[in-house]
$ cat my_file-v3.tsv   # TSV, C-alpha atoms and all ligand atoms
chain	number	residue	atom	x	y	z
D	62	MET	CA	-10.45	-36.68	22.49
D	63	ILE	CA	-11.21	-32.97	22.29
D	64	ALA	CA	-11.54	-30.73	25.36
D	65	ILE	CA	-13.98	-27.80	25.16
D	66	ILE	CA	-13.91	-24.86	27.58
D	67	GLY	CA	-17.36	-23.30	27.90
D	68	ALA	CA	-19.13	-26.44	26.69
D	69	SER	CA	-22.50	-25.27	28.01
D	70	GLY	CA	-22.26	-21.90	26.22
D	71	ASN	CA	-23.67	-20.78	22.89
D	72	VAL	CA	-20.74	-21.93	20.76
D	73	GLY	CA	-19.40	-24.66	23.07
D	74	SER	CA	-22.68	-26.56	23.44
D	75	LYS	CA	-23.39	-26.71	19.70
D	76	THR	CA	-19.80	-27.69	18.92
D	77	THR	CA	-19.81	-30.40	21.60
D	78	GLU	CA	-23.11	-31.82	20.32
D	79	ALA	CA	-21.88	-31.93	16.73
D	80	LEU	CA	-18.57	-33.56	17.70
D	81	LEU	CA	-20.40	-36.20	19.74
D	82	ALA	CA	-22.75	-36.84	16.82
D	83	ALA	CA	-19.66	-37.41	14.64
D	84	GLY	CA	-18.44	-40.06	17.11
D	85	GLN	CA	-15.77	-37.88	18.73
D	86	LYS	CA	-14.91	-38.22	22.44
D	87	VAL	CA	-15.40	-34.85	24.19
D	88	ARG	CA	-14.44	-33.46	27.59
D	89	ALA	CA	-16.97	-30.73	28.38
D	90	ILE	CA	-15.56	-28.09	30.73
D	91	ALA	CA	-17.69	-25.58	32.72
D	92	ARG	CA	-18.37	-24.62	36.34
D	93	HIS	CA	-22.02	-25.67	36.62
D	94	ALA	CA	-22.83	-29.38	36.28
D	95	ASP	CA	-26.56	-28.89	35.64
D	96	LYS	CA	-25.96	-26.98	32.40
D	97	LEU	CA	-23.68	-29.78	31.12
D	98	GLN	CA	-26.19	-32.54	31.85
D	99	PRO	CA	-27.84	-32.57	28.38
D	100	LEU	CA	-24.38	-33.10	26.84
D	101	VAL	CA	-23.48	-35.83	29.34
D	102	GLU	CA	-26.66	-37.63	28.25
D	103	LYS	CA	-25.32	-37.49	24.69
D	104	GLY	CA	-21.96	-38.99	25.73
D	105	ALA	CA	-19.77	-36.06	26.85
D	106	GLU	CA	-17.46	-36.41	29.85
D	107	ALA	CA	-18.24	-33.53	32.25
D	108	TRP	CA	-15.25	-31.72	33.73
D	109	ILE	CA	-16.67	-29.42	36.37
D	110	GLY	CA	-14.29	-26.70	37.50
D	111	ASP	CA	-12.97	-23.18	37.11
D	112	ALA	CA	-10.94	-22.55	33.96
D	113	ALA	CA	-8.92	-19.99	35.93
D	114	ASP	CA	-7.39	-22.97	37.80
D	115	SER	CA	-4.43	-24.06	35.66
D	116	GLU	CA	-3.99	-27.39	37.47
D	117	PHE	CA	-7.60	-28.37	36.85
D	118	LEU	CA	-7.29	-27.25	33.24
D	119	THR	CA	-4.06	-29.21	32.74
D	120	ARG	CA	-5.79	-32.42	33.89
D	121	ALA	CA	-8.74	-31.68	31.60
D	122	PHE	CA	-6.40	-31.14	28.61
D	123	GLU	CA	-4.22	-34.24	29.21
D	124	GLY	CA	-4.54	-36.68	26.30
D	125	ALA	CA	-6.49	-34.22	24.13
D	126	GLU	CA	-5.77	-34.08	20.41
D	127	ALA	CA	-7.18	-30.55	20.38
D	128	VAL	CA	-8.76	-28.00	22.73
D	129	LEU	CA	-11.36	-25.30	22.12
D	130	LEU	CA	-10.72	-22.15	24.18
D	131	ILE	CA	-12.78	-19.07	25.04
D	132	ILE	CA	-12.01	-16.04	27.19
D	133	SER	CA	-15.30	-15.59	29.04
D	134	THR	CA	-16.37	-12.63	31.14
D	135	GLN	CA	-17.66	-12.60	34.68
D	136	MET	CA	-20.03	-9.66	35.05
D	137	ASP	CA	-19.12	-8.72	38.64
D	138	VAL	CA	-15.30	-8.67	38.50
D	139	ALA	CA	-13.57	-5.51	39.78
D	140	ASP	CA	-10.91	-5.59	37.05
D	141	VAL	CA	-12.05	-7.26	33.84
D	142	ALA	CA	-8.65	-7.07	32.09
D	143	ALA	CA	-6.96	-8.80	35.04
D	144	TYR	CA	-9.69	-11.48	35.03
D	145	GLN	CA	-9.28	-12.10	31.28
D	146	ASP	CA	-5.49	-12.32	31.72
D	147	THR	CA	-5.84	-14.84	34.57
D	148	LEU	CA	-8.01	-17.06	32.33
D	149	GLY	CA	-5.63	-16.63	29.40
D	150	GLU	CA	-2.49	-17.40	31.38
D	151	ALA	CA	-4.10	-20.51	32.91
D	152	GLN	CA	-4.77	-21.77	29.37
D	153	ILE	CA	-1.13	-21.22	28.38
D	154	VAL	CA	0.12	-23.13	31.46
D	155	ALA	CA	-2.30	-25.99	30.73
D	156	ILE	CA	-1.38	-26.20	27.03
D	157	LYS	CA	2.32	-26.40	27.86
D	158	ALA	CA	1.91	-28.85	30.75
D	159	SER	CA	-0.48	-31.19	28.92
D	160	GLY	CA	1.42	-31.08	25.62
D	161	VAL	CA	-1.73	-30.55	23.52
D	162	LYS	CA	-0.74	-29.64	19.95
D	163	ASN	CA	-3.88	-28.16	18.35
D	164	VAL	CA	-5.73	-25.14	19.74
D	165	LEU	CA	-8.90	-23.59	18.37
D	166	PHE	CA	-9.55	-20.23	20.02
D	167	ILE	CA	-12.96	-18.55	19.74
D	168	SER	CA	-11.46	-15.09	19.34
D	169	SER	CA	-13.38	-12.10	17.94
D	170	GLN	CA	-13.54	-9.42	15.28
D	171	GLY	CA	-11.39	-6.64	16.67
D	172	ALA	CA	-8.72	-9.02	17.97
D	173	HIS	CA	-6.27	-7.69	15.35
D	174	THR	CA	-5.57	-4.76	17.72
D	175	GLU	CA	-5.67	-3.89	21.43
D	176	GLU	CA	-6.71	-0.29	20.66
D	177	LYS	CA	-10.26	1.07	21.03
D	178	THR	CA	-12.07	-2.27	21.18
D	179	GLY	CA	-13.08	-2.34	24.85
D	180	ILE	CA	-13.62	-5.85	26.17
D	181	ILE	CA	-12.17	-7.41	22.99
D	182	ALA	CA	-8.67	-6.22	23.97
D	183	GLY	CA	-8.46	-9.14	26.40
D	184	VAL	CA	-9.22	-11.53	23.54
D	185	ALA	CA	-6.51	-9.87	21.42
D	186	ARG	CA	-4.00	-10.36	24.24
D	187	GLN	CA	-4.86	-14.07	24.30
D	188	GLU	CA	-4.35	-14.42	20.52
D	189	LYS	CA	-0.88	-12.93	21.09
D	190	ARG	CA	-0.05	-15.39	23.89
D	191	LEU	CA	-1.28	-18.36	21.84
D	192	ASN	CA	0.56	-17.25	18.70
D	193	ALA	CA	3.80	-17.11	20.74
D	194	LEU	CA	3.57	-20.81	21.69
D	195	GLU	CA	6.23	-22.93	20.01
D	196	GLY	CA	5.29	-26.25	18.42
D	197	VAL	CA	1.54	-25.71	18.88
D	198	ASN	CA	-0.89	-25.20	15.98
D	199	VAL	CA	-3.33	-22.37	16.70
D	200	LEU	CA	-6.45	-21.47	14.73
D	201	ASN	CA	-8.01	-18.20	15.89
D	202	LEU	CA	-11.65	-17.98	14.75
D	203	ARG	CA	-12.71	-14.32	14.73
D	204	PRO	CA	-16.53	-14.19	14.71
D	205	THR	CA	-18.40	-10.93	14.60
D	206	TYR	CA	-21.12	-9.75	17.06
D	207	PHE	CA	-23.42	-12.69	17.97
D	208	MET	CA	-27.11	-12.55	17.01
D	209	GLU	CA	-27.72	-14.06	20.48
D	210	ASN	CA	-26.68	-10.69	22.00
D	211	THR	CA	-30.15	-9.45	21.02
D	212	PHE	CA	-31.58	-11.61	23.85
D	213	ASN	CA	-30.25	-8.88	26.16
D	214	SER	CA	-32.80	-6.47	24.62
D	215	ILE	CA	-35.84	-8.57	25.54
D	216	GLY	CA	-36.29	-6.85	28.93
D	217	LEU	CA	-35.96	-3.41	27.34
D	218	ILE	CA	-38.52	-4.28	24.65
D	219	LYS	CA	-41.00	-5.72	27.15
D	220	ASN	CA	-40.58	-3.10	29.89
D	221	MET	CA	-39.88	0.10	27.92
D	222	GLY	CA	-41.33	-0.66	24.47
D	223	ILE	CA	-38.01	0.17	22.76
D	224	ASN	CA	-34.89	-1.48	21.46
D	225	GLY	CA	-31.70	0.44	22.10
D	226	SER	CA	-27.96	0.53	22.71
D	227	ALA	CA	-24.97	2.82	22.20
D	228	ILE	CA	-24.49	1.49	18.67
D	229	LYS	CA	-25.14	4.40	16.30
D	230	VAL	CA	-28.27	4.22	14.13
D	231	ASP	CA	-26.42	4.35	10.82
D	232	VAL	CA	-23.62	1.88	11.59
D	233	GLU	CA	-23.73	-1.20	9.38
D	234	MET	CA	-22.20	-4.21	11.08
D	235	PRO	CA	-22.05	-7.94	10.48
D	236	MET	CA	-23.88	-10.25	12.89
D	237	ILE	CA	-23.52	-14.03	13.20
D	238	ALA	CA	-25.54	-16.87	14.73
D	239	SER	CA	-23.52	-19.04	17.13
D	240	GLN	CA	-24.73	-22.15	15.25
D	241	ASP	CA	-22.67	-21.01	12.24
D	242	ILE	CA	-19.55	-20.55	14.38
D	243	ALA	CA	-20.04	-24.01	15.91
D	244	LYS	CA	-20.37	-25.53	12.44
D	245	VAL	CA	-17.02	-24.10	11.35
D	246	ALA	CA	-15.36	-25.03	14.67
D	247	THR	CA	-16.65	-28.61	14.37
D	248	GLU	CA	-15.46	-29.01	10.81
D	249	LYS	CA	-12.00	-27.70	11.72
D	250	LEU	CA	-11.76	-29.93	14.82
D	251	LEU	CA	-12.72	-33.00	12.81
D	252	ASN	CA	-9.93	-32.27	10.30
D	253	LEU	CA	-6.81	-32.05	12.46
D	254	PRO	CA	-4.06	-31.07	12.57
D	255	PHE	CA	-4.29	-27.30	12.13
D	256	GLU	CA	-1.37	-25.75	10.30
D	257	GLY	CA	0.86	-23.34	12.23
D	258	LYS	CA	-0.75	-20.11	13.39
D	259	SER	CA	-3.73	-18.68	11.50
D	260	HIS	CA	-7.00	-16.82	11.87
D	261	LEU	CA	-10.35	-16.96	10.10
D	262	ASP	CA	-12.87	-14.10	10.17
D	263	LEU	CA	-16.53	-15.17	10.44
D	264	LEU	CA	-18.89	-12.41	9.35
D	265	GLY	CA	-22.45	-13.75	9.21
D	266	ASP	CA	-24.58	-13.53	6.08
D	267	ARG	CA	-24.50	-9.72	5.62
D	268	ASN	CA	-24.28	-6.39	7.42
D	269	TYR	CA	-27.19	-4.89	9.40
D	270	THR	CA	-27.96	-1.51	10.97
D	271	GLN	CA	-29.65	-1.51	14.38
D	272	ILE	CA	-32.68	0.08	12.68
D	273	GLU	CA	-32.97	-3.03	10.47
D	274	VAL	CA	-32.36	-5.34	13.44
D	275	THR	CA	-35.16	-3.59	15.33
D	276	GLN	CA	-37.54	-3.74	12.34
D	277	ILE	CA	-36.93	-7.48	11.92
D	278	ILE	CA	-37.55	-8.11	15.63
D	279	GLY	CA	-40.59	-5.79	15.69
D	280	ALA	CA	-42.23	-7.49	12.70
D	281	ALA	CA	-41.71	-10.94	14.22
D	282	ILE	CA	-43.14	-10.11	17.68
D	283	GLY	CA	-46.16	-8.14	16.43
D	284	LYS	CA	-44.69	-4.70	17.25
D	285	PRO	CA	-43.92	-3.30	13.77
D	286	GLU	CA	-43.50	0.24	15.19
D	287	LEU	CA	-40.81	-0.82	17.72
D	288	PRO	CA	-38.30	2.07	17.78
D	289	TYR	CA	-34.51	1.86	18.02
D	290	VAL	CA	-33.10	4.39	20.49
D	291	GLU	CA	-29.41	5.32	20.35
D	292	PHE	CA	-28.08	5.70	23.91
D	293	SER	CA	-25.24	7.99	24.94
D	294	TYR	CA	-22.18	6.13	26.23
D	295	ALA	CA	-22.92	7.47	29.74
D	296	ASP	CA	-26.50	6.15	29.63
D	297	GLN	CA	-25.32	2.79	28.27
D	298	LYS	CA	-22.84	2.49	31.15
D	299	ALA	CA	-25.46	3.48	33.73
D	300	GLY	CA	-27.89	0.94	32.24
D	301	LEU	CA	-25.36	-1.88	32.48
D	302	MET	CA	-24.43	-0.98	36.06
D	303	GLN	CA	-28.12	-0.97	36.98
D	304	TYR	CA	-28.10	-4.70	36.21
D	305	GLY	CA	-25.31	-5.27	38.75
D	306	ILE	CA	-22.52	-5.34	36.17
D	307	SER	CA	-19.28	-3.99	37.66
D	308	GLU	CA	-17.94	-0.60	36.58
D	309	SER	CA	-14.89	-2.22	34.98
D	310	VAL	CA	-16.99	-4.64	32.88
D	311	SER	CA	-19.48	-1.86	31.99
D	312	ASP	CA	-16.64	0.40	30.80
D	313	ALA	CA	-15.24	-2.49	28.76
D	314	TYR	CA	-18.61	-3.06	27.05
D	315	VAL	CA	-19.06	0.65	26.37
D	316	GLY	CA	-15.53	0.61	24.91
D	317	MET	CA	-16.64	-2.19	22.60
D	318	TYR	CA	-19.67	-0.14	21.44
D	319	GLU	CA	-17.36	2.80	20.73
D	320	GLY	CA	-15.16	0.38	18.76
D	321	ILE	CA	-18.18	-0.80	16.75
D	322	ASN	CA	-19.14	2.82	15.99
D	323	ILE	CA	-15.70	3.66	14.58
D	324	GLY	CA	-15.41	0.40	12.57
D	325	GLN	CA	-12.75	-1.19	14.78
D	326	LEU	CA	-14.78	-4.41	15.06
D	327	SER	CA	-15.37	-4.96	11.36
D	328	HIS	CA	-11.85	-5.69	10.26
D	329	GLY	CA	-12.38	-8.90	8.29
D	330	LEU	CA	-13.03	-8.96	4.55
D	331	ARG	CA	-16.24	-10.56	3.32
D	332	ASN	CA	-15.77	-13.46	0.91
D	333	ALA	CA	-17.16	-16.98	0.44
D	334	GLU	CA	-15.13	-18.39	3.35
D	335	THR	CA	-15.94	-15.61	5.85
D	336	THR	CA	-19.66	-15.41	4.97
D	337	THR	CA	-21.88	-17.77	6.96
D	338	PRO	CA	-25.46	-18.81	6.09
D	339	THR	CA	-27.87	-17.84	8.91
D	340	SER	CA	-29.76	-14.57	8.32
D	341	PHE	CA	-31.06	-12.43	11.17
D	342	GLU	CA	-34.59	-12.91	9.81
D	343	TRP	CA	-34.22	-16.71	10.17
D	344	PHE	CA	-32.63	-16.32	13.61
D	345	VAL	CA	-35.48	-14.13	14.91
D	346	GLU	CA	-38.21	-16.37	13.51
D	347	ASN	CA	-36.69	-19.63	14.76
D	348	ILE	CA	-34.73	-18.70	17.89
D	349	PHE	CA	-35.32	-15.15	19.17
D	350	LYS	CA	-39.12	-15.47	19.13
D	351	HIS	CA	-38.99	-18.50	21.45
D	352	ALA	CA	-36.64	-16.73	23.88
D	353	TYR	CA	-38.94	-13.68	23.78
D	354	ALA	CA	-42.03	-15.78	24.51
D	355	ALA	CA	-40.28	-17.65	27.34
D	356	ASN	CA	-39.23	-14.41	29.08
D	357	ALA	CA	-41.95	-13.54	31.62
R	401	LIG	N1	-21.10	-12.41	22.16
R	401	LIG	C1	-20.45	-11.94	21.12
R	401	LIG	O1	-20.95	-11.08	20.38
R	401	LIG	C2	-19.07	-12.44	20.79
R	401	LIG	C3	-18.48	-12.00	19.61
R	401	LIG	C4	-17.22	-12.49	19.27
R	401	LIG	C5	-16.57	-13.38	20.11
R	401	LIG	N2	-17.17	-13.79	21.27
R	401	LIG	C6	-16.44	-14.74	22.12
R	401	LIG	O2	-17.11	-15.98	22.11
R	401	LIG	C7	-16.92	-16.60	23.38
R	401	LIG	C8	-17.94	-17.69	23.60
R	401	LIG	O3	-19.22	-17.08	23.68
R	401	LIG	P1	-20.52	-17.92	24.05
R	401	LIG	O4	-21.66	-16.98	23.81
R	401	LIG	O5	-20.47	-19.24	23.39
R	401	LIG	O6	-20.32	-18.11	25.61
R	401	LIG	P2	-21.46	-18.15	26.72
R	401	LIG	O7	-22.75	-18.63	26.13
R	401	LIG	O8	-21.41	-16.87	27.46
R	401	LIG	O9	-20.93	-19.31	27.68
R	401	LIG	C9	-19.79	-19.24	28.46
R	401	LIG	C10	-19.38	-20.67	28.79
R	401	LIG	O10	-18.17	-20.66	29.53
R	401	LIG	C11	-18.37	-21.30	30.80
R	401	LIG	N3	-17.53	-20.54	31.74
R	401	LIG	C12	-17.58	-19.23	32.02
R	401	LIG	N4	-16.64	-18.90	32.93
R	401	LIG	C13	-15.96	-20.05	33.21
R	401	LIG	C14	-14.89	-20.37	34.09
R	401	LIG	N5	-14.29	-19.45	34.84
R	401	LIG	N6	-14.47	-21.66	34.15
R	401	LIG	C15	-15.06	-22.63	33.39
R	401	LIG	N7	-16.08	-22.37	32.55
R	401	LIG	C16	-16.53	-21.10	32.45
R	401	LIG	C17	-19.88	-21.17	31.06
R	401	LIG	O11	-20.37	-22.16	31.93
R	401	LIG	P3	-20.39	-21.94	33.54
R	401	LIG	O12	-20.99	-20.59	33.77
R	401	LIG	O13	-21.20	-23.08	34.05
R	401	LIG	O14	-18.95	-22.02	33.98
R	401	LIG	C18	-20.40	-21.41	29.64
R	401	LIG	O15	-20.33	-22.79	29.33
R	401	LIG	C19	-16.99	-15.44	24.36
R	401	LIG	O16	-16.31	-15.75	25.55
R	401	LIG	C20	-16.37	-14.28	23.58
R	401	LIG	O17	-15.02	-14.07	23.94
R	401	LIG	C21	-18.41	-13.35	21.62
$ encode --input "my_file-v3.tsv" --output "C-alpha cells" --more "lines below"
Ligand SMILES: NC(=O)c1ccc[n+]([C@@H]2O[C@H](COP(=O)([O-])OP(=O)(O)OC[C@H]3O[C@@H](n4cnc5c(N)ncnc54)[C@H](OP(=O)(O)O)[C@@H]3O)[C@@H](O)[C@H]2O)c1
Amino acid sequence: MIAIIGASGNVGSKTTEALLAAGQKVRAIARHADKLQPLVEKGAEAWIGDAADSEFLTRAFEGAEAVLLIISTQMDVADVAAYQDTLGEAQIVAIKASGVKNVLFISSQGAHTEEKTGIIAGVARQEKRLNALEGVNVLNLRPTYFMENTFNSIGLIKNMGINGSAIKVDVEMPMIASQDIAKVATEKLLNLPFEGKSHLDLLGDRNYTQIEVTQIIGAAIGKPELPYVEFSYADQKAGLMQYGISESVSDAYVGMYEGINIGQLSHGLRNAETTTPTSFEWFVENIFKHAYAANA
C-alpha cells in the first residue's frame, strides 16, 4: 500500500490514478472528500483529514510500503514559513511512528538552498529534515515551475487583455507539466525500495521565456498579439494581496519570482534523465485551452 498526501492535487491525482491502474493499493489523503471521489471510484481508499495533524497522518501511513509527500501552501496563513514547518514536522513524526521506510518527496528546483528562493525555502527545510532520518530511504524529486501555474493568468488575460508577472522578460526557465512528474513518481513508487537519500531534478522539455509562453498561449486562444507585461515586485505583491492572499504568502511568492530572475530556481543540469516529454505547446493545446474556455 502507498499513501499519498495531496491525492486530489495536480501531481497526487495523476500519480494515484496511475498506481491504481497498475493494481497498487493507495490511501488518498486530502481535506476535502468531494475532490477525492473520482479516485475512490477507481479503487482508492480516501483518508480525509489535515496533514498538519501528526496523529491522523501516522494512522494514514501505518502499513504503507512508501509515502508520497508534499509541502502545500494555504493562501491565507499569517506566517507561511511556520505553516510549512508545521506540515513538515507532522510528516517526520508520522514517518517515525508508522515505521514507513520509503519516502518520495515532491520537492522543487531551488531546494538545494534556503537563500533567495522565497516560498521554496520551506521545501528545502523539509528535504533537510527528511535527509536526516535514519534508516529511511528518501527520494527528493525536484521539479521545475509547473505549466499549470499559467492557469493563474487566465483572469488577467480575460479581464485585462495581458499576460504578466514579476518574471523578467528575458529570463529563460524550464517549465514542466504535472503529468510528467506523476509519471516519474509512479515509476519510482512501483520499483521500491529507494536507495538511501537522493534527489532527481525534473526540468520539462526545454527552457522558455515568458514572451514565448505568452505567444504560445496567445496563438492558441486566438489572441496572437497578447502582450507579456513585466510587473515590479511591489505590483506583483499588491496583485496577489488583492486576491486575498496573506502578506506573508505574497512576500514568499514574490521572493520566488526574485529567485527565478537571478537563476536560483534553475539549479539542475539538463540531461536525458532530467528532461521530460511534454512541451508547453502541447500543454496549451490539450489542457490550458480547456481551462481557459471553462473559466467564465
Ligand atoms: N507549482 C509549482 O510550480 C511547483 C514547482 C515545484 C514544486 N512544487 C511542489 O509540488 C507540490 C504539489 O503541487 P500540486 O500542484 O500537485 O498541488 P495542488 O494541486 O496545489 O494540490 C494540493 C493537494 O494537497 C491537499 N492539501 C493541501 N493542504 C492540505 C492539508 N493541510 N492536509 C491534507 N491535504 C492537503 C489538497 O487537497 P485539499 O485542499 O482537499 O486538502 C490537494 O490534494 C506543491 O505543494 C509544491 O511544493 C510546485
$ residues_around --input "my_file-v3.tsv" --residues "Met302 of chain D" --least-positions-apart "3" --cutoff "12 Å" --atoms "all atoms listed in the file" --output "PyMOL selection string"
chain D and resi 136-137+295-299+305-315
$ residues_around --input "my_file-v3.tsv" --residues "Ala227 of chain D" --least-positions-apart "3" --cutoff "8 Å" --atoms "only C-alpha atoms" --output "list of chain:residue names"
D:Glu291, D:Phe292, D:Ser293, D:Tyr294, D:Gln297, D:Val315, D:Tyr318, D:Glu319
$ residues_near_ligand --input "my_file-v3.tsv" --ligand "ligand LIG 401 (chain R)" --cutoff "9 Å" --atoms "only C-alpha atoms and all ligand atoms" --output "NGL selection string"
:D and (66-75 or 89-97 or 109-114 or 130-135 or 148 or 166-171 or 180-181 or 183-184 or 202-210 or 236-237 or 239 or 243)
$ atom_distance --input "my_file-v3.tsv" --atom1 "atom CA of Leu100 of chain D" --atom2 "atom CA of Arg88 of chain D"
10.0 Å
$ atom_distance --input "my_file-v3.tsv" --atom1 "atom CA of Thr147 of chain D" --atom2 "atom CA of Gly160 of chain D"
19.9 Å
$ axis_aligned_box --input "my_file-v3.tsv" --around "segment 119-138 of chain D" --padding-each-side "5 Å" --output "AutoDock Vina command-line options"
--center_x -12.0 --center_y -22.7 --center_z 29.5 --size_x 26.0 --size_y 38.0 --size_z 28.3
$ atom_distance --input "my_file-v3.tsv" --atom1 "atom CA of Thr336 of chain D" --atom2 "atom CA of Leu263 of chain D"
6.3 Å
$ residues_around --input "my_file-v3.tsv" --residues "Ile218 of chain D" --least-positions-apart "3" --cutoff "10 Å" --atoms "all atoms listed in the file" --output "PDB file with C-alpha atoms, in the frame of the given file"
ATOM      1  CA  ASN D 213     -30.250  -8.880  26.160  1.00  0.00           C
ATOM      2  CA  SER D 214     -32.800  -6.470  24.620  1.00  0.00           C
ATOM      3  CA  ILE D 215     -35.840  -8.570  25.540  1.00  0.00           C
ATOM      4  CA  MET D 221     -39.880   0.100  27.920  1.00  0.00           C
ATOM      5  CA  GLY D 222     -41.330  -0.660  24.470  1.00  0.00           C
ATOM      6  CA  ILE D 223     -38.010   0.170  22.760  1.00  0.00           C
ATOM      7  CA  ASN D 224     -34.890  -1.480  21.460  1.00  0.00           C
ATOM      8  CA  GLY D 225     -31.700   0.440  22.100  1.00  0.00           C
ATOM      9  CA  THR D 275     -35.160  -3.590  15.330  1.00  0.00           C
ATOM     10  CA  ILE D 278     -37.550  -8.110  15.630  1.00  0.00           C
ATOM     11  CA  GLY D 279     -40.590  -5.790  15.690  1.00  0.00           C
ATOM     12  CA  LYS D 284     -44.690  -4.700  17.250  1.00  0.00           C
ATOM     13  CA  LEU D 287     -40.810  -0.820  17.720  1.00  0.00           C
ATOM     14  CA  PRO D 288     -38.300   2.070  17.780  1.00  0.00           C
ATOM     15  CA  TYR D 289     -34.510   1.860  18.020  1.00  0.00           C
ATOM     16  CA  TYR D 353     -38.940 -13.680  23.780  1.00  0.00           C
TER      17      TYR D 353
END
$ closest_residue --input "my_file-v3.tsv" --among "D:Val141, D:Leu194, D:Ala125, D:Ile277" --to "Lys258 of chain D" --atoms "all atoms listed in the file"
D:Leu194
$ closest_residue --input "my_file-v3.tsv" --among "D:Ala357, D:Ile321, D:Ile348, D:Met234" --to "Gly265 of chain D" --atoms "only C-alpha atoms"
D:Met234
$ build_atoms --input "my_file-v3.tsv" --residues "segment 173-188 of chain D" --atoms "N, CA, C and O atoms" --output "compact mmCIF listing (two decimals), in the frame of the given file"
# COMPACT_ATOMS: atom_id res chain seq x y z
N HIS D 173 -7.50 -8.04 16.09
CA HIS D 173 -6.27 -7.69 15.35
C HIS D 173 -5.52 -6.56 16.04
O HIS D 173 -4.42 -6.22 15.67
N THR D 174 -6.17 -5.91 17.04
CA THR D 174 -5.57 -4.76 17.72
C THR D 174 -5.99 -4.76 19.19
O THR D 174 -7.00 -5.38 19.55
N GLU D 175 -5.24 -4.06 20.03
CA GLU D 175 -5.67 -3.89 21.43
C GLU D 175 -6.20 -2.48 21.64
O GLU D 175 -6.50 -2.08 22.76
N GLU D 176 -6.31 -1.71 20.55
CA GLU D 176 -6.71 -0.29 20.66
C GLU D 176 -8.19 -0.10 20.38
O GLU D 176 -8.68 -0.54 19.34
N LYS D 177 -8.88 0.60 21.27
CA LYS D 177 -10.26 1.07 21.03
C LYS D 177 -11.24 -0.07 20.69
O LYS D 177 -12.06 0.07 19.77
N THR D 178 -11.13 -1.17 21.40
CA THR D 178 -12.07 -2.27 21.18
C THR D 178 -12.71 -2.73 22.48
O THR D 178 -13.41 -3.73 22.51
N GLY D 179 -12.46 -2.00 23.57
CA GLY D 179 -13.08 -2.34 24.85
C GLY D 179 -12.75 -3.75 25.29
O GLY D 179 -11.58 -4.17 25.31
N ILE D 180 -13.79 -4.51 25.58
CA ILE D 180 -13.62 -5.85 26.17
C ILE D 180 -12.87 -6.81 25.25
O ILE D 180 -12.29 -7.80 25.70
N ILE D 181 -12.84 -6.51 23.95
CA ILE D 181 -12.17 -7.41 22.99
C ILE D 181 -10.64 -7.36 23.15
O ILE D 181 -9.94 -8.27 22.71
N ALA D 182 -10.13 -6.32 23.80
CA ALA D 182 -8.67 -6.22 23.97
C ALA D 182 -8.13 -7.44 24.71
O ALA D 182 -7.02 -7.92 24.41
N GLY D 183 -8.91 -7.95 25.65
CA GLY D 183 -8.46 -9.14 26.40
C GLY D 183 -8.37 -10.38 25.51
O GLY D 183 -7.55 -11.27 25.73
N VAL D 184 -9.23 -10.41 24.51
CA VAL D 184 -9.22 -11.53 23.54
C VAL D 184 -7.99 -11.38 22.63
O VAL D 184 -7.30 -12.35 22.31
N ALA D 185 -7.70 -10.14 22.25
CA ALA D 185 -6.51 -9.87 21.42
C ALA D 185 -5.24 -10.28 22.16
O ALA D 185 -4.33 -10.86 21.57
N ARG D 186 -5.20 -9.98 23.47
CA ARG D 186 -4.00 -10.36 24.24
C ARG D 186 -3.84 -11.89 24.25
O ARG D 186 -2.73 -12.40 24.21
N GLN D 187 -4.97 -12.61 24.28
CA GLN D 187 -4.86 -14.07 24.30
C GLN D 187 -4.41 -14.61 22.94
O GLN D 187 -3.64 -15.57 22.88
N GLU D 188 -4.87 -14.00 21.86
CA GLU D 188 -4.35 -14.42 20.52
C GLU D 188 -2.83 -14.28 20.52
O GLU D 188 -2.12 -15.15 20.03
